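Visitor: Pasting in a structure now, in structure tokens, and then I'll have a few things to ask.
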Amino acid sequence: MSELNRREFVAAAAAACAFCVACPEGVLAATAKGPVDAGDVNAFTKEGVYDALSQSQGFFLISSKGKLYATSSTCTHKANQVSIDSENHGQLKCEKHGSLFSLDGKVVKPPAKRSLPRYAIKLDAKKHVIVDPTKRLKRRVGMIRRAL
């Protein structure tokens, strides 16, 4: 195999950059740059995954066992969008490479090796859920009780 000369290297690098620029919007997941008002806490009383902000802000709100928490919607494998698995609503799936995550963000099926991060979450004075994706939390923290 021959070595690349400078001209071939520059041409290959330019093609790679053009591919990145032409990448369709939404292939790589979005992440909010600061706190996000997700709405009134009473909107999240039903158990399950709320994905209204998953593409635009980069997180899911998950209501489980009387608690509400925010989990990233960006796959830890290659930073693609994660969505609710259409075959099993009890899991989250990266459509790009097939990683599966439990609703608490733990890896169920590789290629992802790391759990989805959780984000800081709190209630403001108006009882609105405020999620801050710039603040990643350890597991078991970052939950609020829905009854508040």
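Labeling convention for the structure tokens: chains A, B, ... as they appear, residues from 1 per chain, ligands from 1 in order of appearance.
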Do you have, as JSON lines, the list of residues of segment 15-122 of chain A lying at most 6 Å from segment 129-140 of chain A, each with its nearest atom pair and that distance in Å to one decimal, counting only C-alpha atoms and ordered by chain then number?

Guide:
```
{"residue": "A:Gly34", "atom": "CA", "partner": "A:Asp132", "partner_atom": "CA", "distance": 5.7}
{"residue": "A:Pro35", "atom": "CA", "partner": "A:Asp132", "partner_atom": "CA", "distance": 4.1}
{"residue": "A:Val36", "atom": "CA", "partner": "A:Val131", "partner_atom": "CA", "distance": 5.2}
{"residue": "A:Asp37", "atom": "CA", "partner": "A:Ile130", "partner_atom": "CA", "distance": 4.7}
{"residue": "A:Ala38", "atom": "CA", "partner": "A:Val129", "partner_atom": "CA", "distance": 5.3}
{"residue": "A:Gly39", "atom": "CA", "partner": "A:Val129", "partner_atom": "CA", "distance": 5.6}
{"residue": "A:Val41", "atom": "CA", "partner": "A:Val129", "partner_atom": "CA", "distance": 5.6}
{"residue": "A:Arg118", "atom": "CA", "partner": "A:Leu137", "partner_atom": "CA", "distance": 5.4}
{"residue": "A:Tyr119", "atom": "CA", "partner": "A:Arg136", "partner_atom": "CA", "distance": 4.7}
{"residue": "A:Ala120", "atom": "CA", "partner": "A:Asp132", "partner_atom": "CA", "distance": 5.2}
{"residue": "A:Ile121", "atom": "CA", "partner": "A:Val131", "partner_atom": "CA", "distance": 4.5}
{"residue": "A:Lys122", "atom": "CA", "partner": "A:Ile130", "partner_atom": "CA", "distance": 5.3}
```

Visitor: Those residues with C-alpha atoms, as a tab-separated table (two decimals), in the first residue's frame please?

Guide:
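Dumped to selection.tsv:
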```tsv
chain	number	residue	atom	x	y	z
A	34	GLY	CA	-28.23	25.51	30.47
A	35	PRO	CA	-31.33	24.96	32.64
A	36	VAL	CA	-34.52	24.01	30.80
A	37	ASP	CA	-38.07	24.53	32.07
A	38	ALA	CA	-39.74	21.21	31.23
A	39	GLY	CA	-43.17	22.32	32.45
A	41	VAL	CA	-44.69	18.78	37.54
A	118	ARG	CA	-28.55	11.72	34.64
A	119	TYR	CA	-28.97	15.46	34.95
A	120	ALA	CA	-29.74	17.80	37.82
A	121	ILE	CA	-33.46	18.30	38.28
A	122	LYS	CA	-35.46	20.49	40.67
```

Visitor: As a ChimeraX atom specification, please: the residues near Thr31 of chain A (cut-off 10 Å, only C-alpha atoms, same-chain neighbours under 3 positions excluded).

Guide: /A:28,34,53-59,72-74,133-134

Visitor: For segment 97-112 of chain A, list every protein, DNA or RNA residue within 8 Å, evaluated using only C-alpha atoms, and leave out those in the same chain fewer than 3 positions away; present the list as number ranges by chain.

Guide: A: 49, 62, 71, 75-77, 90-94, 115-118

Visitor: Those residues you just picked out, can you put them in a file as a CSV table (one decimal), in the first residue's frame with N, CA, C and O atoms?

Guide:
```csv
chain,number,residue,atom,x,y,z
A,49,VAL,N,-41.9,7.2,30.1
A,49,VAL,CA,-40.9,8.1,29.5
A,49,VAL,C,-41.6,9.3,28.8
A,49,VAL,O,-42.5,9.1,28.0
A,62,ILE,N,-38.2,10.8,33.0
A,62,ILE,CA,-38.7,9.5,33.3
A,62,ILE,C,-39.4,9.5,34.6
A,62,ILE,O,-38.8,9.9,35.6
A,71,THR,N,-32.7,11.9,32.2
A,71,THR,CA,-31.6,11.1,31.6
A,71,THR,C,-31.3,11.6,30.2
A,71,THR,O,-32.2,11.9,29.5
A,75,CYS,N,-26.6,8.8,23.0
A,75,CYS,CA,-26.0,7.5,23.2
A,75,CYS,C,-24.5,7.7,23.6
A,75,CYS,O,-23.8,8.5,23.1
A,76,THR,N,-24.1,6.9,24.6
A,76,THR,CA,-22.7,7.0,25.1
A,76,THR,C,-21.7,6.3,24.2
A,76,THR,O,-20.5,6.4,24.4
A,77,HIS,N,-22.2,5.7,23.2
A,77,HIS,CA,-21.3,5.0,22.2
A,77,HIS,C,-20.7,5.9,21.2
A,77,HIS,O,-19.5,6.1,21.1
A,90,GLY,N,-40.2,-0.3,27.5
A,90,GLY,CA,-39.4,-0.3,28.7
A,90,GLY,C,-38.0,-0.1,28.5
A,90,GLY,O,-37.2,-0.3,29.5
A,91,GLN,N,-37.6,0.2,27.3
A,91,GLN,CA,-36.1,0.4,27.0
A,91,GLN,C,-36.0,1.6,26.1
A,91,GLN,O,-36.9,2.1,25.4
A,92,LEU,N,-34.7,2.1,26.1
A,92,LEU,CA,-34.3,3.2,25.2
A,92,LEU,C,-33.3,2.6,24.2
A,92,LEU,O,-32.5,1.8,24.6
A,93,LYS,N,-33.4,3.1,22.9
A,93,LYS,CA,-32.6,2.4,21.9
A,93,LYS,C,-31.9,3.5,21.0
A,93,LYS,O,-32.5,4.5,20.6
A,94,CYS,N,-30.6,3.2,20.7
A,94,CYS,CA,-29.9,4.0,19.8
A,94,CYS,C,-30.1,3.4,18.4
A,94,CYS,O,-29.7,2.2,18.2
A,115,SER,N,-23.4,3.9,30.9
A,115,SER,CA,-24.8,4.2,31.2
A,115,SER,C,-25.1,5.6,30.7
A,115,SER,O,-24.1,6.5,30.5
A,116,LEU,N,-26.3,5.9,30.4
A,116,LEU,CA,-26.7,7.3,30.0
A,116,LEU,C,-26.6,8.1,31.3
A,116,LEU,O,-27.1,7.7,32.3
A,117,PRO,N,-26.0,9.3,31.2
A,117,PRO,CA,-25.9,10.2,32.4
A,117,PRO,C,-27.3,10.7,32.8
A,117,PRO,O,-28.2,10.9,32.0
A,118,ARG,N,-27.4,11.0,34.1
A,118,ARG,CA,-28.5,11.7,34.6
A,118,ARG,C,-28.2,13.2,34.9
A,118,ARG,O,-27.0,13.5,35.1
```

Visitor: Atom CA of Ala52 of chain A and atom CA of Ala32 of chain A, how far apart in Å?

Guide: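 About the pair atom CA of Ala32 of chain A and atom CA of Ala52 of chain A: they are 13.5 Å apart.
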
Visitor: Have a look at atom CA of Gly66 of chain A and atom CA of Arg114 of chain A and let me know their distance in Å, one decimal.

Guide: 25.8 Å

Visitor: How many Å lie between atom CA of Tyr69 of chain A and atom CA of Ser83 of chain A, rounded to one decimal?

Guide: 16.2 Å

Visitor: From the options A:Lys96, A:Ser64, A:Arg7, A:Lys113, which residue's atoms come nearest to Glu47 of chain A, counting only C-alpha atoms?

Guide: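 Comparing A:Lys96, A:Ser64, A:Arg7, A:Lys113 against Glu47 of chain A, the winner is A:Ser64.
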
Visitor: Among segment 32-112 of chain A, which ones does DSSP assign to strand (DSSP E) (computed from the backbone)? Answer as a VMD selection string.

Guide: chain A and resid 36 to 40 48 to 50 59 to 64 67 to 72 82 to 84 91 to 94 100 to 102 107 to 109

Visitor: From the set A:Phe60, A:Asn5, A:Lys65, A:Ala125, which residue has the shortest atom-to-atom contact distance to Val82 of chain A, counting only C-alpha atoms?

Guide: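 Ranking A:Phe60, A:Asn5, A:Lys65, A:Ala125 by distance to Val82 of chain A, first place goes to A:Phe60.
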